[in-house]
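Source file: run30.cif (mmCIF, C-alpha atoms and all ligand atoms)
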data_my_file
loop_
_atom_site.label_atom_id
_atom_site.label_comp_id
_atom_site.auth_asym_id
_atom_site.auth_seq_id
_atom_site.Cartn_x
_atom_site.Cartn_y
_atom_site.Cartn_z
CA LEU Z 1 3.37 -13.75 -19.03
CA THR Z 2 -0.27 -14.70 -19.21
CA LEU Z 3 -2.32 -11.61 -18.72
CA HIS Z 4 -5.83 -12.51 -19.81
CA ASN Z 5 -6.82 -13.78 -16.36
CA LEU Z 6 -6.22 -10.38 -14.82
CA PRO Z 7 -9.30 -8.40 -13.76
CA ASP Z 8 -7.78 -5.41 -15.57
CA PHE Z 9 -7.14 -7.33 -18.76
CA PRO Z 10 -10.05 -5.85 -20.77
CA ALA Z 11 -8.72 -2.34 -20.08
CA ILE Z 12 -5.14 -3.37 -20.84
CA GLU Z 13 -6.30 -4.91 -24.09
CA ARG Z 14 -8.04 -1.71 -25.14
CA ILE Z 15 -4.80 0.18 -24.75
CA TRP Z 16 -3.02 -2.40 -26.87
CA GLN Z 17 -5.71 -2.06 -29.55
CA VAL Z 18 -4.93 1.65 -29.79
CA LEU Z 19 -1.18 1.41 -29.23
CA PRO Z 20 -0.08 -2.06 -30.39
CA SER Z 21 3.60 -1.32 -29.83
CA ALA Z 22 3.10 -0.27 -26.19
CA ARG Z 23 4.44 -2.50 -23.43
CA LEU Z 24 3.69 -2.90 -19.77
CA VAL Z 25 6.69 -1.54 -17.89
CA GLY Z 26 8.20 -1.29 -14.43
CA GLY Z 27 6.48 -2.54 -11.32
CA ALA Z 28 3.61 -4.35 -13.03
CA VAL Z 29 5.91 -6.73 -14.93
CA ARG Z 30 7.97 -7.36 -11.81
CA ASP Z 31 4.91 -8.05 -9.66
CA LEU Z 32 3.26 -10.32 -12.22
CA LEU Z 33 6.45 -12.34 -12.64
CA LYS Z 34 6.65 -12.65 -8.88
CA GLY Z 35 3.04 -13.78 -8.79
CA VAL Z 36 1.81 -10.92 -6.63
CA SER Z 37 -0.99 -8.64 -7.74
CA ALA Z 38 0.21 -5.44 -9.34
CA SER Z 39 -1.11 -2.13 -8.02
CA ASP Z 40 -0.80 -0.07 -11.21
CA PHE Z 41 -0.36 -0.93 -14.83
CA ASP Z 42 1.98 1.50 -16.53
CA PHE Z 43 2.75 1.44 -20.22
CA GLY Z 44 5.75 2.55 -22.21
CA THR Z 45 5.44 3.49 -25.85
CA PRO Z 46 7.70 4.74 -28.64
CA VAL Z 47 4.83 7.00 -29.77
CA ALA Z 48 5.26 10.70 -28.91
CA PRO Z 49 3.00 12.04 -26.12
CA GLN Z 50 0.92 14.34 -28.35
CA ASP Z 51 0.21 11.44 -30.70
CA VAL Z 52 -0.68 9.21 -27.74
CA MET Z 53 -3.24 11.84 -26.69
CA GLU Z 54 -4.72 12.00 -30.19
CA MET Z 55 -4.85 8.25 -30.71
CA LEU Z 56 -6.52 7.57 -27.37
CA LYS Z 57 -9.10 10.28 -27.96
CA ALA Z 58 -9.81 9.05 -31.48
CA ALA Z 59 -10.59 5.63 -29.95
CA GLY Z 60 -13.03 7.24 -27.52
CA ILE Z 61 -10.74 6.83 -24.49
CA ARG Z 62 -10.42 9.75 -22.12
CA ALA Z 63 -6.81 10.96 -22.13
CA ILE Z 64 -5.45 13.31 -19.48
CA PRO Z 65 -2.10 15.04 -20.07
CA THR Z 66 -0.91 14.31 -16.52
CA GLY Z 67 2.76 14.97 -17.19
CA LEU Z 68 3.31 15.87 -20.81
CA ALA Z 69 6.72 17.32 -20.04
CA HIS Z 70 7.76 13.87 -18.77
CA GLY Z 71 5.92 12.20 -21.61
CA THR Z 72 3.06 10.86 -19.48
CA VAL Z 73 -0.56 10.65 -20.53
CA THR Z 74 -3.19 8.97 -18.34
CA ALA Z 75 -5.77 6.88 -20.16
CA VAL Z 76 -8.98 6.48 -18.19
CA ILE Z 77 -10.81 3.23 -18.81
CA ASP Z 78 -13.74 2.07 -16.68
CA GLY Z 79 -12.84 4.72 -14.15
CA ARG Z 80 -9.25 3.41 -13.78
CA GLY Z 81 -6.20 5.39 -14.78
CA PHE Z 82 -3.40 3.84 -16.83
CA GLU Z 83 -0.23 5.84 -17.35
CA VAL Z 84 1.18 5.74 -20.83
CA THR Z 85 4.68 7.21 -20.99
CA THR Z 86 6.78 7.79 -24.07
CA LEU Z 87 10.18 6.09 -23.97
CA ARG Z 88 12.84 8.41 -22.69
CA ARG Z 89 16.52 8.97 -22.86
CA ASP Z 90 18.52 11.22 -20.55
CA GLU Z 91 20.13 14.08 -22.38
CA ARG Z 92 21.90 15.42 -19.33
CA THR Z 93 21.53 15.20 -15.57
CA ASP Z 94 22.63 17.54 -12.82
CA GLY Z 95 21.91 15.25 -9.90
CA ARG Z 96 18.35 16.34 -9.39
CA HIS Z 97 16.82 17.24 -12.73
CA ALA Z 98 17.16 15.21 -15.85
CA GLU Z 99 16.59 16.67 -19.28
CA VAL Z 100 14.81 14.00 -21.24
CA ALA Z 101 14.29 13.35 -24.91
CA TRP Z 102 11.91 10.85 -26.52
CA THR Z 103 13.31 7.70 -27.99
CA SER Z 104 12.02 4.55 -29.63
CA ASP Z 105 14.75 2.43 -28.11
CA TRP Z 106 13.36 0.18 -25.38
CA ARG Z 107 16.77 -0.67 -24.03
CA GLU Z 108 17.63 2.98 -23.61
CA ASP Z 109 14.44 3.55 -21.63
CA ALA Z 110 15.12 0.49 -19.49
CA SER Z 111 18.64 1.71 -18.74
CA ARG Z 112 17.24 4.82 -17.02
CA ARG Z 113 15.24 2.74 -14.57
CA ASP Z 114 16.57 2.21 -11.08
CA PHE Z 115 16.81 -1.56 -10.53
CA THR Z 116 17.07 -4.50 -12.88
CA ILE Z 117 13.86 -5.96 -11.42
CA ASN Z 118 12.08 -2.69 -12.32
CA ALA Z 119 13.50 -2.48 -15.83
CA MET Z 120 11.60 -5.27 -17.59
CA SER Z 121 8.78 -4.74 -20.07
CA CYS Z 122 6.07 -6.99 -21.47
CA ASP Z 123 4.60 -6.67 -24.96
CA SER Z 124 1.07 -7.40 -26.15
CA ASP Z 125 2.02 -11.03 -26.92
CA GLY Z 126 2.98 -11.51 -23.28
CA ARG Z 127 6.69 -11.65 -24.11
CA VAL Z 128 8.92 -10.24 -21.40
CA HIS Z 129 11.88 -8.13 -22.51
CA ASP Z 130 14.65 -8.15 -20.00
CA TYR Z 131 17.79 -6.23 -20.93
CA PHE Z 132 19.66 -6.31 -17.63
CA GLY Z 133 19.03 -9.66 -16.02
CA GLY Z 134 16.06 -8.54 -13.95
CA PHE Z 135 14.34 -11.90 -14.23
CA GLU Z 136 17.21 -13.76 -12.62
CA ASP Z 137 17.69 -11.08 -10.01
CA LEU Z 138 14.02 -11.23 -9.10
CA ALA Z 139 14.19 -15.00 -8.68
CA ALA Z 140 17.34 -14.68 -6.57
CA GLY Z 141 15.95 -11.85 -4.44
CA HIS Z 142 18.71 -9.59 -5.65
CA VAL Z 143 17.93 -5.87 -5.82
CA ARG Z 144 20.60 -4.58 -8.17
CA PHE Z 145 21.02 -1.15 -9.69
CA VAL Z 146 20.94 -0.91 -13.45
CA GLY Z 147 24.53 0.06 -14.13
CA ASP Z 148 26.94 1.40 -11.55
CA ALA Z 149 25.29 1.98 -8.18
CA ARG Z 150 27.28 5.12 -7.34
CA THR Z 151 26.55 6.74 -10.68
CA ARG Z 152 22.86 5.95 -10.45
CA ILE Z 153 22.63 7.30 -6.90
CA ARG Z 154 24.42 10.49 -7.89
CA GLU Z 155 21.81 11.00 -10.62
CA ASP Z 156 19.00 10.72 -8.08
CA ALA Z 157 19.64 10.08 -4.41
CA LEU Z 158 16.04 9.03 -3.79
CA ARG Z 159 17.15 5.72 -5.27
CA ILE Z 160 18.85 5.03 -1.92
CA LEU Z 161 15.48 4.96 -0.18
CA ARG Z 162 13.89 3.13 -3.07
CA PHE Z 163 16.61 0.52 -2.75
CA PHE Z 164 15.58 -0.19 0.82
CA ARG Z 165 11.90 -0.28 -0.09
CA PHE Z 166 12.46 -2.85 -2.83
CA GLN Z 167 14.99 -4.77 -0.76
CA ALA Z 168 12.27 -5.09 1.89
CA ARG Z 169 9.79 -6.43 -0.64
CA PHE Z 170 11.88 -8.51 -2.98
CA GLY Z 171 15.27 -8.98 -1.39
CA SER Z 172 16.31 -12.28 0.08
CA GLY Z 173 19.24 -12.46 2.42
CA GLU Z 174 21.78 -9.69 2.84
CA PRO Z 175 22.25 -7.26 -0.04
CA ASP Z 176 25.74 -7.25 -1.48
CA GLU Z 177 28.37 -5.27 0.35
CA GLU Z 178 29.30 -3.32 -2.74
CA THR Z 179 25.83 -1.85 -3.06
CA LEU Z 180 25.73 -1.04 0.64
CA ALA Z 181 29.12 0.62 0.37
CA ALA Z 182 27.92 2.71 -2.58
CA ILE Z 183 24.92 3.77 -0.54
CA ALA Z 184 26.96 4.56 2.56
CA GLY Z 185 29.31 6.61 0.41
CA CYS Z 186 26.48 8.73 -0.96
CA VAL Z 187 24.27 9.29 2.10
CA ASN Z 188 25.00 12.99 2.24
CA LEU Z 189 23.20 13.38 -1.11
CA ILE Z 190 19.95 12.55 0.69
CA GLU Z 191 20.08 16.02 2.20
CA LEU Z 192 19.60 17.49 -1.27
CA LEU Z 193 16.24 15.79 -1.69
CA SER Z 194 12.97 17.46 -0.88
CA VAL Z 195 11.61 16.32 2.48
CA GLU Z 196 8.31 15.36 0.85
CA ARG Z 197 10.07 12.76 -1.27
CA ILE Z 198 11.98 11.45 1.75
CA TRP Z 199 8.93 11.14 3.97
CA SER Z 200 6.78 9.57 1.29
CA GLU Z 201 9.40 6.81 0.90
CA LEU Z 202 9.93 6.49 4.65
CA ARG Z 203 6.25 6.10 5.40
CA ARG Z 204 5.98 3.29 2.90
CA LEU Z 205 9.02 1.60 4.41
CA LEU Z 206 7.64 1.87 7.91
CA THR Z 207 4.55 -0.17 7.13
CA GLY Z 208 6.14 -2.37 4.50
CA PRO Z 209 7.48 -5.87 5.00
CA ASN Z 210 10.70 -6.59 6.94
CA VAL Z 211 10.76 -3.15 8.54
CA VAL Z 212 13.10 -4.09 11.33
CA ALA Z 213 15.78 -5.70 9.19
CA ILE Z 214 15.55 -2.82 6.76
CA LEU Z 215 15.82 -0.17 9.47
CA ARG Z 216 18.95 -1.93 10.74
CA LEU Z 217 20.45 -1.91 7.24
CA MET Z 218 19.55 1.75 6.95
CA ASP Z 219 21.25 2.39 10.25
CA ARG Z 220 24.37 0.49 9.21
CA THR Z 221 24.70 2.66 6.12
CA ASN Z 222 23.92 5.89 8.05
CA VAL Z 223 20.80 6.41 5.97
CA LEU Z 224 18.48 6.25 8.96
CA THR Z 225 20.19 8.99 10.92
CA THR Z 226 20.58 11.11 7.81
CA CYS Z 227 16.82 11.00 7.31
CA LEU Z 228 16.11 11.28 11.05
CA PRO Z 229 19.07 13.01 12.72
CA GLU Z 230 17.03 12.95 15.95
CA LEU Z 231 18.02 9.29 16.27
CA LYS Z 232 21.76 9.94 16.29
CA ASP Z 233 23.51 7.83 18.92
CA HIS Z 234 20.42 5.83 19.81
CA ALA Z 235 19.18 4.50 16.51
CA GLU Z 236 19.54 0.89 17.62
CA LYS Z 237 17.32 1.50 20.62
CA ALA Z 238 14.80 3.20 18.38
CA VAL Z 239 14.75 0.22 16.06
CA ARG Z 240 14.32 -2.11 19.02
CA ARG Z 241 11.16 -0.21 19.99
CA VAL Z 242 9.73 -0.70 16.52
CA GLU Z 243 10.71 -4.35 16.72
CA ALA Z 244 8.93 -4.67 20.06
CA LEU Z 245 5.87 -2.85 18.72
CA ILE Z 246 5.59 -5.28 15.84
CA GLY Z 247 6.29 -8.25 18.08
CA LEU Z 248 3.43 -7.21 20.32
CA GLY Z 249 1.03 -7.16 17.40
CA ALA Z 250 0.31 -3.43 17.46
CA PRO Z 251 -1.59 -2.11 14.43
CA SER Z 252 0.54 -1.42 11.37
CA ASP Z 253 0.40 2.35 11.38
CA GLU Z 254 3.20 4.51 10.01
CA LEU Z 255 2.58 7.28 12.55
CA LEU Z 256 2.69 4.87 15.47
CA ARG Z 257 5.93 3.43 14.12
CA LEU Z 258 7.41 6.88 13.66
CA ALA Z 259 6.35 7.68 17.23
CA ALA Z 260 8.10 4.50 18.40
CA LEU Z 261 11.30 5.60 16.65
CA LEU Z 262 11.11 9.03 18.21
CA ALA Z 263 9.99 7.86 21.66
CA GLY Z 264 13.56 7.73 22.94
CA SER Z 265 14.44 9.43 26.17
CA GLY Z 266 16.86 11.58 24.20
CA SER Z 267 14.22 13.25 22.06
CA GLY Z 268 12.31 15.81 24.04
CA ASP Z 269 9.06 17.37 22.98
CA GLU Z 270 10.78 20.22 21.16
CA THR Z 271 13.01 17.84 19.20
CA VAL Z 272 10.03 15.80 18.11
CA ARG Z 273 8.11 18.90 17.14
CA LYS Z 274 11.02 20.08 15.00
CA CYS Z 275 11.36 16.68 13.40
CA LEU Z 276 7.69 16.54 12.45
CA ALA Z 277 7.82 20.06 11.07
CA ARG Z 278 10.90 19.21 9.04
CA LEU Z 279 9.20 16.14 7.56
CA ARG Z 280 6.25 18.42 6.73
CA LEU Z 281 3.67 16.09 8.16
CA SER Z 282 0.15 17.45 7.90
CA ARG Z 283 -1.12 19.28 10.95
CA ALA Z 284 -3.43 16.40 11.86
CA GLU Z 285 -0.68 13.79 11.51
CA SER Z 286 1.81 15.82 13.46
CA ASP Z 287 -0.74 16.40 16.24
CA ALA Z 288 -1.45 12.69 16.33
CA VAL Z 289 2.23 11.79 16.75
CA LEU Z 290 2.69 14.40 19.46
CA ALA Z 291 -0.40 13.14 21.26
CA MET Z 292 0.88 9.56 21.07
CA LEU Z 293 4.14 10.73 22.63
CA GLY Z 294 2.40 12.81 25.27
CA GLU Z 295 2.39 11.95 28.95
CA PRO Z 296 2.74 8.21 29.28
CA VAL Z 297 -0.29 6.16 30.00
CA PRO Z 298 -0.53 5.24 33.69
CA HIS Z 299 1.01 1.86 34.26
CA PRO Z 300 -1.82 -0.67 34.18
CA ALA Z 301 -0.73 -2.09 37.51
CA ARG Z 302 -2.02 1.17 38.96
CA ILE Z 303 -5.22 1.81 37.06
CA LEU Z 304 -7.76 -0.77 36.42
CA THR Z 305 -11.05 0.64 37.57
CA GLU Z 306 -13.59 1.65 34.96
CA GLU Z 307 -13.71 5.13 36.48
CA ASP Z 308 -10.03 5.55 35.72
CA GLY Z 309 -10.58 4.36 32.19
CA LEU Z 310 -13.48 6.73 31.65
CA ARG Z 311 -11.43 9.58 33.02
CA LEU Z 312 -8.72 8.89 30.43
CA LEU Z 313 -11.27 8.71 27.64
CA ALA Z 314 -12.83 11.98 28.73
CA GLU Z 315 -9.46 13.60 28.18
CA LEU Z 316 -8.33 12.26 24.83
CA PRO Z 317 -9.68 10.07 22.04
CA ARG Z 318 -9.55 6.33 22.52
CA GLU Z 319 -7.12 5.85 19.62
CA ILE Z 320 -4.53 8.03 21.29
CA TRP Z 321 -4.70 6.04 24.53
CA LEU Z 322 -4.46 2.78 22.67
CA SER Z 323 -1.40 4.07 20.83
CA ARG Z 324 0.10 5.16 24.13
CA THR Z 325 -0.37 1.73 25.63
CA TRP Z 326 1.33 0.16 22.62
CA LEU Z 327 4.21 2.61 22.88
CA ALA Z 328 4.58 2.21 26.62
CA GLU Z 329 4.55 -1.53 26.32
CA ALA Z 330 7.00 -1.48 23.41
CA ARG Z 331 9.37 0.70 25.41
CA GLU Z 332 9.11 -1.58 28.37
CA LYS Z 333 9.82 -4.58 26.22
CA ALA Z 334 12.63 -2.94 24.20
CA GLU Z 335 14.37 -1.32 27.11
CA GLY Z 336 13.81 -4.18 29.49
CA ASP Z 337 12.99 -1.71 32.31
CA THR Z 338 10.62 -3.98 34.11
CA PRO Z 339 10.11 -7.69 33.80
CA HIS Z 340 7.83 -7.98 30.86
CA SER Z 341 4.31 -9.15 31.49
CA GLU Z 342 1.78 -8.80 28.74
CA ALA Z 343 -1.42 -9.28 30.66
CA PRO Z 344 -1.94 -5.87 32.30
CA TRP Z 345 -1.38 -3.88 29.12
CA GLN Z 346 -3.66 -6.12 27.16
CA THR Z 347 -6.27 -5.85 29.89
CA LEU Z 348 -6.02 -2.08 29.87
CA ARG Z 349 -6.36 -1.98 26.09
CA GLN Z 350 -9.34 -4.26 26.26
CA MET Z 351 -10.97 -2.04 28.84
CA LEU Z 352 -10.25 1.13 26.87
CA SER Z 353 -11.69 -0.51 23.77
CA ASP Z 354 -14.83 -1.75 25.49
CA LEU Z 355 -15.78 1.31 27.52
CA PRO Z 356 -18.32 3.63 25.97
CA MET Z 357 -16.85 7.03 25.08
CA PRO Z 358 -17.93 9.26 27.95
CA VAL Z 359 -19.93 12.22 26.73
CA PHE Z 360 -19.84 15.36 28.82
CA PRO Z 361 -23.52 16.10 29.37
CA LEU Z 362 -23.40 19.92 29.33
CA ALA Z 363 -22.84 22.45 26.56
CA GLY Z 364 -22.76 26.23 26.43
CA ARG Z 365 -26.35 26.41 25.30
CA ASP Z 366 -27.53 24.66 28.49
CA LEU Z 367 -25.99 27.47 30.51
CA LEU Z 368 -27.51 30.12 28.25
CA ALA Z 369 -30.88 28.39 28.66
CA MET Z 370 -30.48 28.87 32.42
CA GLY Z 371 -30.40 32.59 31.77
CA LEU Z 372 -26.64 33.09 32.15
CA PRO Z 373 -25.28 35.89 29.94
CA PRO Z 374 -23.07 34.92 26.99
CA GLY Z 375 -19.37 35.59 27.46
CA PRO Z 376 -16.12 33.99 28.58
CA LYS Z 377 -17.69 33.15 31.97
CA ILE Z 378 -19.67 30.37 30.24
CA GLY Z 379 -16.50 28.58 29.22
CA ASP Z 380 -15.00 28.97 32.70
CA LEU Z 381 -18.08 27.47 34.31
CA LEU Z 382 -18.14 24.58 31.86
CA ALA Z 383 -14.50 23.86 32.67
CA VAL Z 384 -15.26 23.75 36.38
CA VAL Z 385 -18.13 21.33 35.88
CA HIS Z 386 -16.00 19.26 33.49
CA THR Z 387 -13.29 18.84 36.11
CA TRP Z 388 -15.86 17.79 38.70
CA TRP Z 389 -17.46 15.39 36.20
CA LYS Z 390 -14.14 13.72 35.42
CA GLY Z 391 -13.28 13.53 39.09
CA ASN Z 392 -16.47 11.59 39.59
CA GLY Z 393 -15.64 9.00 37.00
CA CYS Z 394 -17.56 10.69 34.14
CA ARG Z 395 -20.76 9.12 35.32
CA ALA Z 396 -22.84 12.20 36.17
CA ASP Z 397 -25.75 12.83 33.80
CA LYS Z 398 -27.10 16.17 32.70
CA GLU Z 399 -29.37 16.60 35.69
CA ALA Z 400 -26.59 15.93 38.19
CA ALA Z 401 -24.24 18.22 36.29
CA LEU Z 402 -26.79 21.05 36.31
CA ALA Z 403 -27.33 20.55 40.04
CA TYR Z 404 -23.58 20.83 40.61
CA LEU Z 405 -23.44 23.92 38.39
CA ARG Z 406 -26.15 25.62 40.46
CA ARG Z 407 -24.15 24.93 43.61
CA VAL Z 408 -21.07 26.47 41.98
CA ILE Z 409 -22.98 29.58 40.92
CA VAL Z 410 -24.51 30.04 44.36
CA SER Z 411 -21.20 29.75 46.17
P1 LIG Z 501 5.17 0.16 -6.61
O1 LIG Z 501 4.42 -1.11 -6.81
O2 LIG Z 501 5.68 0.32 -5.23
O3 LIG Z 501 4.48 1.38 -7.14
P2 LIG Z 501 6.84 0.56 -8.88
O4 LIG Z 501 7.96 -0.25 -9.44
O5 LIG Z 501 5.64 0.71 -9.72
O6 LIG Z 501 6.51 -0.03 -7.46
P3 LIG Z 501 7.03 3.40 -8.94
O7 LIG Z 501 7.62 4.34 -7.96
O8 LIG Z 501 5.57 3.46 -9.18
O9 LIG Z 501 7.48 1.96 -8.51
O10 LIG Z 501 7.82 3.64 -10.29
C1 LIG Z 501 7.48 2.98 -11.51
C2 LIG Z 501 8.74 2.61 -12.28
O11 LIG Z 501 9.44 3.79 -12.66
C3 LIG Z 501 9.75 1.79 -11.47
O12 LIG Z 501 9.48 0.41 -11.58
C4 LIG Z 501 11.07 2.17 -12.13
O13 LIG Z 501 11.26 1.44 -13.32
C5 LIG Z 501 10.85 3.62 -12.52
N1 LIG Z 501 11.32 4.59 -11.51
C6 LIG Z 501 10.57 5.20 -10.57
N2 LIG Z 501 11.29 6.05 -9.83
C7 LIG Z 501 12.55 5.97 -10.30
C8 LIG Z 501 13.76 6.61 -9.95
N3 LIG Z 501 13.84 7.49 -8.95
N4 LIG Z 501 14.86 6.30 -10.69
C9 LIG Z 501 14.79 5.41 -11.71
N5 LIG Z 501 13.69 4.78 -12.06
C10 LIG Z 501 12.56 5.04 -11.38
MG MG Z 502 3.94 2.06 -9.20
#
Could you write out this file's structure as structure tokens?
Ligand code: ATP
Ligand code: MG
Amino acid sequence: LTLHNLPDFPAIERIWQVLPSARLVGGAVRDLLKGVSASDFDFGTPVAPQDVMEMLKAAGIRAIPTGLAHGTVTAVIDGRGFEVTTLRRDERTDGRHAEVAWTSDWREDASRRDFTINAMSCDSDGRVHDYFGGFEDLAAGHVRFVGDARTRIREDALRILRFFRFQARFGSGEPDEETLAAIAGCVNLIELLSVERIWSELRRLLTGPNVVAILRLMDRTNVLTTCLPELKDHAEKAVRRVEALIGLGAPSDELLRLAALLAGSGSGDETVRKCLARLRLSRAESDAVLAMLGEPVPHPARILTEEDGLRLLAELPREIWLSRTWLAEAREKAEGDTPHSEAPWQTLRQMLSDLPMPVFPLAGRDLLAMGLPPGPKIGDLLAVVHTWWKGNGCRADKEAALAYLRRVIVS
């Protein structure tokens, strides 16, 4: 590999000055060989973690003990972090936790890695060390476990989801049946994983390449419905909605795609709520998904006046309405309810995008300034005026709103 053209090369070189026996490992080697830009540069080293700390510090490089128990030290160079991890060997595994010991054997470290394409390393001369045929597999688009698939999945079931993520990125054609069978035979192990790990893989899959093909493979191996039991019995429909969403050119947003999966008639509000809670989405994310799945947007054949548009925007943020139009259109397209015609939805989106956000002209302090006493009555009055304002197409300004308020108070 030629590395000196990389923007990060000066930093990489500094690490090699301090730790000449270190090698680039994992994803960076794979990505560079594939000719795509690598996101992180991780190093492996036979040097023990404490010594790595000392050596980096002695060279004036900030070293953070980010995961000493796992052998990982982060070197900070020009504000960028580079993980340096001591080579490891599994002493014993119980399916979820591995007891590791340090080693100086590169092959042993590579054999713990998940896929052959992720198990290559590159030394400071640019030589690639490939113990398991990762180079050929990468060229052939073959995502293959290092060693026996079943054994490797039993050690860590997250590798099932990682398989699909890497298949999406680097796989070409159908994966081999044997691997799929191993995965299908081990799906129940997914339930042992923490939901955080599941969701963090799923969200990357949902916005990654080849989502639709990958979701279908995940469905075929029962992985999809193990991760999202809400989709049982209608997973194919759910995937078709995502397919439609992508086909329509909707923004690539993991929450919108999750909403499309969950938008099935079978999953009521309560089911969705439970699903989001189980996945431990943040409050904001979970609210966003629920809002996207809220009452459907009026069919654009029925609303096209600006007043209608403003009324919608007065109720909920623009983004939510846009998401709802994408979802409604995707459902229409996927379920073939109505003959599909793109124009009205696109027109509605355009209108919702172009309209200024209506701003309700009154606030509590305006009522207080009129001499009304503070208390819950203020909020009630504001709500009354708000309803009137929306009913009038959100056009009334402050003066008109105050005039209406006075009429309300008098009556
Ligand atoms: P990405 O570019 O998506 O980050 P990556 O290959 O760097 O891809 P990471 O999750 O960052 O993936 O992991 C770094 C490396 O650590 C992998 O390339 C692989 O060698 C190893 N690895 C990570 N997770 C596992 C796992 N669960 N089992 C075995 N090896 C793993
Ligand atoms: Mg990485």
Worksheet entry | Counting all atoms listed in the file, the residue of Z:Gly60, Z:Gly44, Z:Pro317, Z:Pro356 that sits nearest Ala110 of chain Z | Z:Gly44
Find the residues of chain Z that sit at most 7 Å from ligand LIG 501 (chain Z); for each, write down the nearest two atoms and how far apart they are in Å, to one decimal. Count all atoms listed in the file. Sort by chain, then by number going up, and give it as a Markdown table.
| residue | atom | partner | partner_atom | distance |
| --- | --- | --- | --- | --- |
| Z:Gly26 | CA | Z:LIG501 | O12 | 3.6 |
| Z:Gly27 | CA | Z:LIG501 | O4 | 3.3 |
| Z:Ala28 | CA | Z:LIG501 | O5 | 6.4 |
| Z:Ala38 | CA | Z:LIG501 | O1 | 6.5 |
| Z:Ser39 | CA | Z:LIG501 | O1 | 5.8 |
| Z:Asp40 | CA | Z:LIG501 | O5 | 6.7 |
| Z:Arg112 | CA | Z:LIG501 | C9 | 5.9 |
| Z:Arg113 | CA | Z:LIG501 | N5 | 3.6 |
| Z:Asp114 | CA | Z:LIG501 | C9 | 3.7 |
| Z:Phe115 | CA | Z:LIG501 | O13 | 6.9 |
| Z:Asn118 | CA | Z:LIG501 | O12 | 4.1 |
| Z:Ala119 | CA | Z:LIG501 | O13 | 5.2 |
| Z:Asp156 | CA | Z:LIG501 | N3 | 6.1 |
| Z:Leu158 | CA | Z:LIG501 | N3 | 5.8 |
| Z:Arg159 | CA | Z:LIG501 | N3 | 5.3 |
Discussion item. Considering all atoms listed in the file, can you say which of Z:Asp90, Z:Asp308, Z:Glu236, Z:Glu191 comes closest to Trp102 of chain Z?
Written reply: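 Comparing Z:Asp90, Z:Asp308, Z:Glu236, Z:Glu191 against Trp102 of chain Z, the winner is Z:Asp90.
Distances from Z:Arg162, Z:Leu19, Z:Ala58, Z:Gln50 to ligand MG 502 (chain Z) were compared using all atoms listed in the file, and the smallest one belongs to Z:Arg162.
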Discussion item. Would you compute the distance between atom CA of Phe145 of chain Z and atom CA of Trp106 of chain Z? Give it in Å to one decimal.
Written reply: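 Separation of atom CA of Phe145 of chain Z and atom CA of Trp106 of chain Z: 17.5 Å.
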Fill in: Top pick for closest residue to Glu319 of chain Z, considering Z:Asp253, Z:Glu177, Z:Glu399, Z:Asp366 and counting only C-alpha atoms
Z:Asp253
Fill in: Test item: which residues lie within 12 Å of (6.1, -3.3, 18.2) counting all atoms listed in the file, as a PyMOL selection string
chain Z and resi 206-207+211-212+238-254+256-261+323-334
Discussion item. Quick check, in Å to one decimal: how far apart do atom CA of Ala369 of chain Z and atom CA of Arg407 of chain Z lie?
Written reply: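 Rounded to one decimal, the two atoms are 16.8 Å apart.
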Fill in: Sphere at (-17.0, 27.7, 31.3), radius 12 Å, counting only C-alpha atoms: residues as a list in words
Leu362, Ala363, Gly364, Arg365, Asp366, Leu367, Leu368, Leu372, Pro373, Pro374, Gly375, Pro376, Lys377, Ile378, Gly379, Asp380, Leu381, Leu382, Ala383, Val384, Val385, His386, Thr387, Leu405, Val408 and Ile409 of chain Z
Contacts of Ala11 of chain Z at 10 Å or less, counting only C-alpha atoms, minus same-chain residues fewer than 4 places along, as a PDB file with C-alpha atoms, keeping the file's coordinate frame?
ATOM      1  CA  LEU Z   6      -6.220 -10.380 -14.820  1.00  0.00           C
ATOM      2  CA  PRO Z   7      -9.300  -8.400 -13.760  1.00  0.00           C
ATOM      3  CA  ILE Z  15      -4.800   0.180 -24.750  1.00  0.00           C
ATOM      4  CA  TRP Z  16      -3.020  -2.400 -26.870  1.00  0.00           C
ATOM      5  CA  GLN Z  17      -5.710  -2.060 -29.550  1.00  0.00           C
ATOM      6  CA  PHE Z  41      -0.360  -0.930 -14.830  1.00  0.00           C
ATOM      7  CA  ALA Z  75      -5.770   6.880 -20.160  1.00  0.00           C
ATOM      8  CA  VAL Z  76      -8.980   6.480 -18.190  1.00  0.00           C
ATOM      9  CA  ILE Z  77     -10.810   3.230 -18.810  1.00  0.00           C
ATOM     10  CA  ASP Z  78     -13.740   2.070 -16.680  1.00  0.00           C
ATOM     11  CA  ARG Z  80      -9.250   3.410 -13.780  1.00  0.00           C
ATOM     12  CA  GLY Z  81      -6.200   5.390 -14.780  1.00  0.00           C
ATOM     13  CA  PHE Z  82      -3.400   3.840 -16.830  1.00  0.00           C
TER      14      PHE Z  82
END
